[in-house]
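See structure below.
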2 protein chains.
Amino acid sequence: MKRIGYLGPLGTFTHEAAVKHAGEECWELVDYPDIPELIHGVDRGEIEQAVVPMENSLEGTVNITVDMIIHEADVRICGELILPVAHCLLARHGVDISDLKVILSHPQALAQCRMFLRSTLGGGIKTLPATSTAAAARDVAAGLKEWGAIASKHAAGVYGLNIIRENIQGNYQNSTRFVVLSKEQREPTGCDKTSIVFSVDDKPGSLYHALKIFADSRINLTKIESRPMRTNLGEYLFVVDLEGHIRDGIVERALNRLAEQSKYFSVLGSYPRFMHR
Amino acid sequence: MKRIGYLGPLGTFTHEAAVKHAGEECWELVDYPDIPELIHGVDRGEIEQAVVPMENSLEGTVNITVDMIIHEADVRICGELILPVAHCLLARHGVDISDLKVILSHPQALAQCRMFLRSTLGGGIKTLPATSTAAAARDVAAGLKEWGAIASKHAAGVYGLNIIRENIQGNYQNSTRFVVLSKEQREPTGCDKTSIVFSVDDKPGSLYHALKIFADSRINLTKIESRPMRTNLGEYLFVVDLEGHIRDGIVERALNRLAEQSKYFSVLGSYPRFMHR
């Protein structure tokens with residue numbers, strides 16, 4: 001049986017993404033305590049694939065994921081998934097909203113649901129930080145009757161909790177993009193993306209000349225960002241996501257031109273573009 | 001007396017940067033518990049200036065600083081400082097390195113000094129996480145004889161600790177760039193930088209066309225990065241640092257052109273470029 005790794009405990013958003021990614025296939029799901037261990041797990045061959053968070057619409061890129069892929073591990077991006085982040089108020093079955101005295105969750109989720117907590121539960125409600133929304137749900141399932149958790153619908157299912165309210169995160173449009181890592185390159189599907197990383201010289205117009213290659217070829221860039229080279233302040237690597245597969249002639253030619261004029265160049269992977277279903 | 005804010009407690013790298021920034025001038029230094037409070041402090045007029053960490057050569061941009069300046073606070077960048085991050089092993093006076101049984105520090109500093117800890121203090125040494133290297137130094141000064149801290153030379157001075165070893169962070173080239181925030185725009189000095197933020201359309205070549213303006217004017221970009229717009233995944237704001245002051249004719253004309261073709265455009269500030277002395 002093939003193994004796919006995720007960030008534990010059971011019921012995290014990464015677990016939900018891994019379950020969705022596995023779909024009908026019979027994968028064994030393996031939990032890891034943090035992102036570096038999860039990515040090293042693929043690199044060492046303990047698991048065939050890993051699902052890791054890459055980017056959130058409110059918080060931005062998960063730097064540890066990008067830096068691990070660039071600097072520390074020999075892995076490739078072979079897929080992506082986008083999941084909406086919708087928070088729910090969860091409690092044990094039979095518990096009424098008026099019974100709740102303490103709400104557990106990850107500090108970011110507590111912050112995102114602050115308005116709901118204040119308006120619905122009143123100013124007197126106590127909040128307790130947890131290491132993840134899933135850990136909060138787990139602790140509420142094993143805890144006291146007056147405890148509630150802010151976590152996902154998925155976590156409610158995993159820990160057998162009752163969903164008291166859904167979508168309590170206010171007006172935030174919140175979603176997270178996950179990438180699937182493996183040791184192998186995916187074949188073209190006709191609707192792919194490619195992630196690359198490269199450096200440019202520190203002189204006027206070098207990034208412009210790099211981007212000119214893509215503009216000339218009408219290749220759309222879906223993301224560009226800089227990460228430190230870990231040498232000196234002010235020296236950056238650029239991480240770019242673009243439309244197309246590295247085996248598409250137009251993409252291949254553009255990347256060859258870019259590689260020629262870059263001191264550092266590497267393909268992180270070509271993979272099917274995520275489609276909302 | 002003018003007031004300048006920093007991230008507490010006494011002895012943090014931000015405190016050191018604020019002391020250096022104040023120089024000979026008679027400023028009152030005011031500590032804040034976190035970056036959002038510090039930046040709000042300037043915005044509300046409690047302090048005239050704030051020194052905040054912006055970027056580290058290993059960890060990259062401090063996202064909370066950038067996002068606060070873009071989205072939350074009406075403040076301007078009026079200066080920058082770069083400080084080397086050099087870690088020292090500190091203990092109370094009269095304590096020998098062989099007396100040490102527990103080392104306190106921020107987890108990032110502990111990780112950066114892992115090689116030193118293993119090779120010099122042996123595998124059996126215990127490490128304890130602290131909220132900052134300065135808090136570790138403060139706790140060691142008030143703590144037991146067998147406690148050591150990993151913190152800066154500056155923190156040793158602040159808390160009256162003995163420097164047992166300097167530069168224990170291994171091969172890492174580690175430095176942090178701080179920015180100074182205020183409500184006012186700085187006058188040109190002849191050697192300035194300007195930070196701007198703008199959005200581009202999601203179509204092939206839009207970032208390229210924005211950068212073309214700078215390439216055509218031979219304006220050097222010292223940094224470019226993307227941050228989420230906080231609307232949908234895949235919509236970004238670009239934060240660019242460039243050489244020159246907004247009142248330099250060539251910069252002004254380029255920024256006017258960019259503003260015309262951008263849905264969103266804002267100048268974060270023009271300020272003197274940091275010179276190592």
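As shown in the structure tokens, the chain order sets the letters A, B, ...; within each chain, residues go from 1, and ligands are also counted from 1 in the order they appear.
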Open item on the list: Could you work out which residues of chain B fall inside 8 Å of chain A? Count only C-alpha atoms, and format the result as a VMD selection string.
Closed with: chain B and resid 56 to 60 172 to 177 202 to 205 208 211 to 212 214 to 215 218 to 234
Residues just named, written with N, CA and C atoms as a compact mmCIF listing (two decimals), in the first residue's frame:
# COMPACT_ATOMS: atom_id res chain seq x y z
N ASN B 56 15.12 39.40 7.54
CA ASN B 56 16.32 38.75 8.05
C ASN B 56 16.94 37.92 6.92
N SER B 57 18.27 37.87 6.89
CA SER B 57 18.95 37.22 5.77
C SER B 57 18.70 35.72 5.71
N LEU B 58 18.32 35.08 6.81
CA LEU B 58 18.00 33.65 6.80
C LEU B 58 16.50 33.40 6.70
N GLU B 59 15.71 34.19 7.43
CA GLU B 59 14.28 33.88 7.57
C GLU B 59 13.41 34.63 6.55
N GLY B 60 13.95 35.68 5.93
CA GLY B 60 13.17 36.44 4.96
C GLY B 60 12.38 37.56 5.62
N TYR B 172 26.56 30.74 9.57
CA TYR B 172 25.50 31.57 9.05
C TYR B 172 25.90 33.05 8.93
N GLN B 173 25.68 33.61 7.75
CA GLN B 173 25.75 35.05 7.54
C GLN B 173 24.38 35.57 7.93
N ASN B 174 24.26 36.13 9.11
CA ASN B 174 22.94 36.46 9.61
C ASN B 174 22.86 37.95 9.94
N SER B 175 21.97 38.66 9.27
CA SER B 175 21.77 40.07 9.65
C SER B 175 20.30 40.42 9.45
N THR B 176 19.87 41.43 10.19
CA THR B 176 18.47 41.85 10.14
C THR B 176 18.38 43.30 9.71
N ARG B 177 17.41 43.57 8.83
CA ARG B 177 17.13 44.93 8.39
C ARG B 177 15.91 45.42 9.17
N ASP B 202 -4.27 40.30 -13.44
CA ASP B 202 -3.91 38.89 -13.60
C ASP B 202 -3.98 38.51 -15.07
N LYS B 203 -3.01 39.00 -15.86
CA LYS B 203 -2.91 38.56 -17.26
C LYS B 203 -1.43 38.51 -17.64
N PRO B 204 -1.10 37.71 -18.69
CA PRO B 204 0.32 37.53 -19.02
C PRO B 204 1.03 38.86 -19.16
N GLY B 205 2.20 38.99 -18.54
CA GLY B 205 3.05 40.15 -18.76
C GLY B 205 2.73 41.38 -17.92
N TYR B 208 5.62 42.19 -15.72
CA TYR B 208 6.69 42.55 -16.64
C TYR B 208 6.54 44.01 -17.11
N LEU B 211 7.53 46.34 -14.34
CA LEU B 211 8.98 46.40 -14.13
C LEU B 211 9.70 47.09 -15.29
N LYS B 212 9.07 47.04 -16.48
CA LYS B 212 9.66 47.70 -17.66
C LYS B 212 9.85 49.20 -17.40
N PHE B 214 10.68 50.65 -14.68
CA PHE B 214 11.92 50.86 -13.92
C PHE B 214 13.15 50.55 -14.76
N ALA B 215 13.07 49.48 -15.57
CA ALA B 215 14.21 49.11 -16.42
C ALA B 215 14.48 50.24 -17.42
N ARG B 218 16.28 52.95 -15.84
CA ARG B 218 17.52 52.53 -15.18
C ARG B 218 17.45 52.73 -13.66
N ILE B 219 16.28 52.48 -13.09
CA ILE B 219 16.13 52.55 -11.64
C ILE B 219 16.35 51.14 -11.08
N ASN B 220 17.28 51.00 -10.15
CA ASN B 220 17.60 49.67 -9.58
C ASN B 220 16.59 49.31 -8.50
N LEU B 221 16.06 48.09 -8.61
CA LEU B 221 15.17 47.59 -7.57
C LEU B 221 16.02 46.78 -6.60
N THR B 222 15.97 47.10 -5.31
CA THR B 222 16.77 46.35 -4.35
C THR B 222 15.99 45.20 -3.75
N LYS B 223 14.66 45.23 -3.91
CA LYS B 223 13.85 44.13 -3.38
C LYS B 223 12.50 44.11 -4.08
N ILE B 224 12.01 42.91 -4.35
CA ILE B 224 10.62 42.81 -4.81
C ILE B 224 10.02 41.58 -4.17
N GLU B 225 8.82 41.72 -3.66
CA GLU B 225 8.16 40.54 -3.12
C GLU B 225 6.66 40.69 -3.22
N SER B 226 5.98 39.55 -3.14
CA SER B 226 4.52 39.59 -3.23
C SER B 226 3.91 39.27 -1.87
N ARG B 227 2.79 39.91 -1.58
CA ARG B 227 2.02 39.63 -0.37
C ARG B 227 0.57 39.42 -0.79
N PRO B 228 -0.16 38.59 -0.06
CA PRO B 228 -1.56 38.37 -0.46
C PRO B 228 -2.38 39.64 -0.33
N MET B 229 -3.32 39.85 -1.29
CA MET B 229 -4.20 41.02 -1.23
C MET B 229 -5.25 40.87 -0.15
N ARG B 230 -5.37 39.67 0.41
CA ARG B 230 -6.39 39.33 1.41
C ARG B 230 -7.78 39.28 0.79
N THR B 231 -7.85 39.12 -0.54
CA THR B 231 -9.13 38.95 -1.20
C THR B 231 -9.24 37.47 -1.57
N ASN B 232 -8.71 37.10 -2.76
CA ASN B 232 -8.72 35.69 -3.18
C ASN B 232 -7.30 35.18 -3.30
N LEU B 233 -7.18 33.86 -3.16
CA LEU B 233 -5.90 33.20 -3.37
C LEU B 233 -5.47 33.51 -4.80
N GLY B 234 -4.19 33.89 -4.99
CA GLY B 234 -3.71 34.16 -6.33
C GLY B 234 -3.77 35.64 -6.69
TODO: If you run DSSP over the backbone, which residues in stretch 44-171 of chain A end up alpha helix (DSSP H)? Put them as an NGL selection string.
DONE: :A and (63-67 or 107-112 or 114-116 or 133-141 or 153-159)
For the residues in the current selection, export N, CA and C atoms as a CSV table (one decimal), in the first residue's frame.
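See result.csv below for the written result:
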chain,number,residue,atom,x,y,z
A,63,ASN,N,6.5,30.0,4.6
A,63,ASN,CA,7.9,30.1,4.2
A,63,ASN,C,8.7,28.8,4.5
A,64,ILE,N,8.4,28.1,5.6
A,64,ILE,CA,9.1,26.9,5.9
A,64,ILE,C,9.0,25.9,4.8
A,65,THR,N,7.8,25.8,4.2
A,65,THR,CA,7.6,24.8,3.1
A,65,THR,C,8.5,25.2,1.9
A,66,VAL,N,8.4,26.4,1.5
A,66,VAL,CA,9.2,26.9,0.3
A,66,VAL,C,10.7,26.7,0.6
A,67,ASP,N,11.2,27.1,1.8
A,67,ASP,CA,12.6,27.0,2.1
A,67,ASP,C,13.1,25.6,2.1
A,107,PRO,N,-4.5,30.1,17.8
A,107,PRO,CA,-4.6,31.5,18.0
A,107,PRO,C,-5.1,32.2,16.7
A,108,GLN,N,-4.6,31.8,15.5
A,108,GLN,CA,-5.1,32.4,14.3
A,108,GLN,C,-6.6,32.2,14.0
A,109,ALA,N,-7.1,31.0,14.3
A,109,ALA,CA,-8.5,30.8,14.2
A,109,ALA,C,-9.3,31.6,15.2
A,110,LEU,N,-8.8,31.7,16.4
A,110,LEU,CA,-9.5,32.5,17.5
A,110,LEU,C,-9.6,33.9,17.0
A,111,ALA,N,-8.5,34.4,16.4
A,111,ALA,CA,-8.4,35.8,15.9
A,111,ALA,C,-9.4,36.0,14.8
A,112,GLN,N,-9.5,35.1,13.9
A,112,GLN,CA,-10.4,35.2,12.7
A,112,GLN,C,-11.9,35.1,13.1
A,114,ARG,N,-13.0,36.3,16.1
A,114,ARG,CA,-13.2,37.2,17.3
A,114,ARG,C,-14.6,37.8,17.3
A,115,MET,N,-15.0,38.3,16.1
A,115,MET,CA,-16.3,39.0,16.0
A,115,MET,C,-17.4,38.0,16.4
A,116,PHE,N,-17.4,36.8,15.9
A,116,PHE,CA,-18.4,35.8,16.3
A,116,PHE,C,-18.4,35.6,17.8
A,133,THR,N,-6.2,23.6,15.1
A,133,THR,CA,-7.7,23.5,15.3
A,133,THR,C,-8.0,22.1,15.6
A,134,ALA,N,-7.3,21.1,15.0
A,134,ALA,CA,-7.6,19.7,15.2
A,134,ALA,C,-7.3,19.3,16.6
A,135,ALA,N,-6.2,19.8,17.2
A,135,ALA,CA,-5.8,19.5,18.5
A,135,ALA,C,-6.9,20.0,19.5
A,136,ALA,N,-7.5,21.2,19.2
A,136,ALA,CA,-8.5,21.8,20.0
A,136,ALA,C,-9.8,20.8,20.0
A,137,ALA,N,-10.1,20.3,18.8
A,137,ALA,CA,-11.3,19.4,18.6
A,137,ALA,C,-11.0,18.2,19.4
A,138,ARG,N,-9.8,17.6,19.3
A,138,ARG,CA,-9.5,16.4,20.0
A,138,ARG,C,-9.6,16.6,21.5
A,139,ASP,N,-9.1,17.7,22.0
A,139,ASP,CA,-9.1,18.0,23.4
A,139,ASP,C,-10.5,18.2,24.0
A,140,VAL,N,-11.4,18.8,23.1
A,140,VAL,CA,-12.8,19.1,23.5
A,140,VAL,C,-13.5,17.7,23.6
A,141,ALA,N,-13.2,16.8,22.7
A,141,ALA,CA,-13.9,15.5,22.7
A,141,ALA,C,-13.5,14.7,23.9
A,153,LYS,N,-15.3,21.4,9.9
A,153,LYS,CA,-16.3,20.3,9.8
A,153,LYS,C,-15.7,19.0,9.7
A,154,HIS,N,-14.6,18.9,9.0
A,154,HIS,CA,-13.8,17.6,8.9
A,154,HIS,C,-13.4,17.2,10.3
A,155,ALA,N,-12.9,18.1,11.1
A,155,ALA,CA,-12.4,17.7,12.5
A,155,ALA,C,-13.6,17.2,13.3
A,156,ALA,N,-14.8,17.9,13.1
A,156,ALA,CA,-16.0,17.4,13.8
A,156,ALA,C,-16.3,16.0,13.5
A,157,GLY,N,-16.2,15.6,12.3
A,157,GLY,CA,-16.4,14.2,11.9
A,157,GLY,C,-15.4,13.2,12.5
A,158,VAL,N,-14.1,13.7,12.5
A,158,VAL,CA,-13.0,12.8,13.0
A,158,VAL,C,-13.2,12.6,14.5
A,159,TYR,N,-13.6,13.6,15.2
A,159,TYR,CA,-13.6,13.4,16.7
A,159,TYR,C,-15.1,13.3,17.2
At a cut-off of 10 Å, can you tabulate as a Markdown table every residue of stretch 48-137 of chain A near stretch 16-28 of chain A together with its closest atom pair and the distance in Å to one decimal, using only C-alpha atoms and ordering rows by chain then number?
| residue | atom | partner | partner_atom | distance |
| --- | --- | --- | --- | --- |
| A:Glu48 | CA | A:Trp27 | CA | 9.8 |
| A:Gln49 | CA | A:Ala18 | CA | 9.6 |
| A:Ala50 | CA | A:Ala18 | CA | 8.0 |
| A:Val51 | CA | A:Ala18 | CA | 5.9 |
| A:Val52 | CA | A:Ala17 | CA | 8.8 |
| A:Pro53 | CA | A:Ala17 | CA | 9.1 |
| A:Gly79 | CA | A:His21 | CA | 9.0 |
| A:Glu80 | CA | A:His21 | CA | 8.9 |
| A:Leu81 | CA | A:Ala17 | CA | 7.0 |
| A:Ile82 | CA | A:Ala17 | CA | 8.1 |
| A:Leu83 | CA | A:Ala17 | CA | 7.1 |
With DSSP run on the backbone, what are the strand (DSSP E or B) residues within stretch 172-232 of chain A? I'd like them as a PDB file with N, CA, C and O atoms, in the first residue's frame.
ATOM      1  N   SER A 175      -8.765  30.746   2.095  1.00  0.00           N
ATOM      2  CA  SER A 175      -8.519  29.412   1.553  1.00  0.00           C
ATOM      3  C   SER A 175      -7.019  29.129   1.568  1.00  0.00           C
ATOM      4  O   SER A 175      -6.204  30.043   1.598  1.00  0.00           O
ATOM      5  N   THR A 176      -6.692  27.855   1.571  1.00  0.00           N
ATOM      6  CA  THR A 176      -5.291  27.447   1.638  1.00  0.00           C
ATOM      7  C   THR A 176      -4.957  26.574   0.445  1.00  0.00           C
ATOM      8  O   THR A 176      -5.744  25.713   0.055  1.00  0.00           O
ATOM      9  N   ARG A 177      -3.796  26.835  -0.135  1.00  0.00           N
ATOM     10  CA  ARG A 177      -3.295  26.011  -1.234  1.00  0.00           C
ATOM     11  C   ARG A 177      -2.258  25.034  -0.671  1.00  0.00           C
ATOM     12  O   ARG A 177      -1.338  25.445   0.039  1.00  0.00           O
ATOM     13  N   PHE A 178      -2.469  23.753  -0.942  1.00  0.00           N
ATOM     14  CA  PHE A 178      -1.539  22.710  -0.529  1.00  0.00           C
ATOM     15  C   PHE A 178      -0.804  22.201  -1.760  1.00  0.00           C
ATOM     16  O   PHE A 178      -1.358  22.216  -2.863  1.00  0.00           O
ATOM     17  N   VAL A 179       0.435  21.751  -1.582  1.00  0.00           N
ATOM     18  CA  VAL A 179       1.105  21.055  -2.684  1.00  0.00           C
ATOM     19  C   VAL A 179       1.381  19.623  -2.257  1.00  0.00           C
ATOM     20  O   VAL A 179       1.491  19.320  -1.070  1.00  0.00           O
ATOM     21  N   VAL A 180       1.428  18.734  -3.260  1.00  0.00           N
ATOM     22  CA  VAL A 180       1.767  17.334  -3.032  1.00  0.00           C
ATOM     23  C   VAL A 180       3.214  17.144  -3.468  1.00  0.00           C
ATOM     24  O   VAL A 180       3.595  17.555  -4.569  1.00  0.00           O
ATOM     25  N   LEU A 181       4.029  16.591  -2.589  1.00  0.00           N
ATOM     26  CA  LEU A 181       5.447  16.378  -2.886  1.00  0.00           C
ATOM     27  C   LEU A 181       5.727  14.894  -3.084  1.00  0.00           C
ATOM     28  O   LEU A 181       5.128  14.052  -2.415  1.00  0.00           O
ATOM     29  N   SER A 182       6.637  14.593  -4.004  1.00  0.00           N
ATOM     30  CA  SER A 182       7.083  13.210  -4.181  1.00  0.00           C
ATOM     31  C   SER A 182       8.492  13.243  -4.761  1.00  0.00           C
ATOM     32  O   SER A 182       9.064  14.314  -4.945  1.00  0.00           O
ATOM     33  N   ASP A 192      -1.587  22.117 -16.953  1.00  0.00           N
ATOM     34  CA  ASP A 192      -0.588  21.986 -15.890  1.00  0.00           C
ATOM     35  C   ASP A 192      -0.015  23.327 -15.457  1.00  0.00           C
ATOM     36  O   ASP A 192      -0.198  24.349 -16.122  1.00  0.00           O
ATOM     37  N   LYS A 193       0.675  23.284 -14.349  1.00  0.00           N
ATOM     38  CA  LYS A 193       1.451  24.414 -13.844  1.00  0.00           C
ATOM     39  C   LYS A 193       2.875  23.935 -13.590  1.00  0.00           C
ATOM     40  O   LYS A 193       3.096  22.747 -13.367  1.00  0.00           O
ATOM     41  N   THR A 194       3.803  24.873 -13.612  1.00  0.00           N
ATOM     42  CA  THR A 194       5.190  24.545 -13.312  1.00  0.00           C
ATOM     43  C   THR A 194       5.715  25.551 -12.290  1.00  0.00           C
ATOM     44  O   THR A 194       5.450  26.747 -12.414  1.00  0.00           O
ATOM     45  N   SER A 195       6.420  25.060 -11.285  1.00  0.00           N
ATOM     46  CA  SER A 195       7.057  25.940 -10.300  1.00  0.00           C
ATOM     47  C   SER A 195       8.568  25.879 -10.483  1.00  0.00           C
ATOM     48  O   SER A 195       9.139  24.798 -10.590  1.00  0.00           O
ATOM     49  N   ILE A 196       9.179  27.057 -10.555  1.00  0.00           N
ATOM     50  CA  ILE A 196      10.640  27.124 -10.733  1.00  0.00           C
ATOM     51  C   ILE A 196      11.232  28.084  -9.707  1.00  0.00           C
ATOM     52  O   ILE A 196      10.516  28.874  -9.085  1.00  0.00           O
ATOM     53  N   VAL A 197      12.551  28.003  -9.524  1.00  0.00           N
ATOM     54  CA  VAL A 197      13.250  28.949  -8.658  1.00  0.00           C
ATOM     55  C   VAL A 197      14.527  29.374  -9.374  1.00  0.00           C
ATOM     56  O   VAL A 197      15.180  28.555 -10.022  1.00  0.00           O
ATOM     57  N   PHE A 198      14.824  30.687  -9.332  1.00  0.00           N
ATOM     58  CA  PHE A 198      16.040  31.164  -9.997  1.00  0.00           C
ATOM     59  C   PHE A 198      16.570  32.414  -9.306  1.00  0.00           C
ATOM     60  O   PHE A 198      15.864  33.067  -8.552  1.00  0.00           O
ATOM     61  N   SER A 199      17.834  32.721  -9.575  1.00  0.00           N
ATOM     62  CA  SER A 199      18.431  33.952  -9.046  1.00  0.00           C
ATOM     63  C   SER A 199      18.732  34.891 -10.204  1.00  0.00           C
ATOM     64  O   SER A 199      18.871  34.449 -11.347  1.00  0.00           O
ATOM     65  N   LEU A 221       2.254  34.050 -15.584  1.00  0.00           N
ATOM     66  CA  LEU A 221       2.811  33.722 -14.270  1.00  0.00           C
ATOM     67  C   LEU A 221       1.681  33.820 -13.250  1.00  0.00           C
ATOM     68  O   LEU A 221       1.011  34.840 -13.164  1.00  0.00           O
ATOM     69  N   THR A 222       1.434  32.762 -12.492  1.00  0.00           N
ATOM     70  CA  THR A 222       0.342  32.811 -11.514  1.00  0.00           C
ATOM     71  C   THR A 222       0.852  33.268 -10.157  1.00  0.00           C
ATOM     72  O   THR A 222       0.075  33.642  -9.297  1.00  0.00           O
ATOM     73  N   LYS A 223       2.171  33.242  -9.949  1.00  0.00           N
ATOM     74  CA  LYS A 223       2.725  33.685  -8.669  1.00  0.00           C
ATOM     75  C   LYS A 223       4.195  34.008  -8.851  1.00  0.00           C
ATOM     76  O   LYS A 223       4.905  33.317  -9.574  1.00  0.00           O
ATOM     77  N   ILE A 224       4.650  35.079  -8.176  1.00  0.00           N
ATOM     78  CA  ILE A 224       6.086  35.326  -8.113  1.00  0.00           C
ATOM     79  C   ILE A 224       6.387  35.821  -6.724  1.00  0.00           C
ATOM     80  O   ILE A 224       5.658  36.637  -6.169  1.00  0.00           O
ATOM     81  N   GLU A 225       7.431  35.284  -6.137  1.00  0.00           N
ATOM     82  CA  GLU A 225       7.828  35.819  -4.837  1.00  0.00           C
ATOM     83  C   GLU A 225       9.306  35.630  -4.631  1.00  0.00           C
ATOM     84  O   GLU A 225       9.954  34.827  -5.301  1.00  0.00           O
ATOM     85  N   SER A 226       9.860  36.402  -3.705  1.00  0.00           N
ATOM     86  CA  SER A 226      11.290  36.309  -3.430  1.00  0.00           C
ATOM     87  C   SER A 226      11.513  35.649  -2.075  1.00  0.00           C
ATOM     88  O   SER A 226      10.724  35.831  -1.150  1.00  0.00           O
ATOM     89  N   ARG A 227      12.559  34.871  -1.982  1.00  0.00           N
ATOM     90  CA  ARG A 227      12.970  34.279  -0.706  1.00  0.00           C
ATOM     91  C   ARG A 227      14.451  34.577  -0.531  1.00  0.00           C
ATOM     92  O   ARG A 227      15.184  34.698  -1.522  1.00  0.00           O
ATOM     93  N   PRO A 228      14.921  34.714   0.714  1.00  0.00           N
ATOM     94  CA  PRO A 228      16.345  35.010   0.891  1.00  0.00           C
ATOM     95  C   PRO A 228      17.212  33.860   0.392  1.00  0.00           C
ATOM     96  O   PRO A 228      16.853  32.697   0.542  1.00  0.00           O
TER      97      PRO A 228
END
- [ ] Give me the residues within 12 Å of A:Ile97 as a count of residues only, counting only C-alpha atoms and dropping any in the same chain fewer than 6 places off.
- [x] 18
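Counting from atom CA of A:His40, the distance to atom CA of A:Lys183 is 11.2 Å.
By chain and then residue number, the residues within 10 Å of A:Leu7 are Gly5, Pro9, Leu10, Gly11, Thr12, Phe13, Thr14, His15, Ala18, Val30, Asp31, Tyr32, Pro33, Asp34, Ile35, Glu37, Leu38, Ala50, Val51, Val52 and Pro53 of chain A, counting only C-alpha atoms and disregarding those fewer than 2 positions away in sequence.
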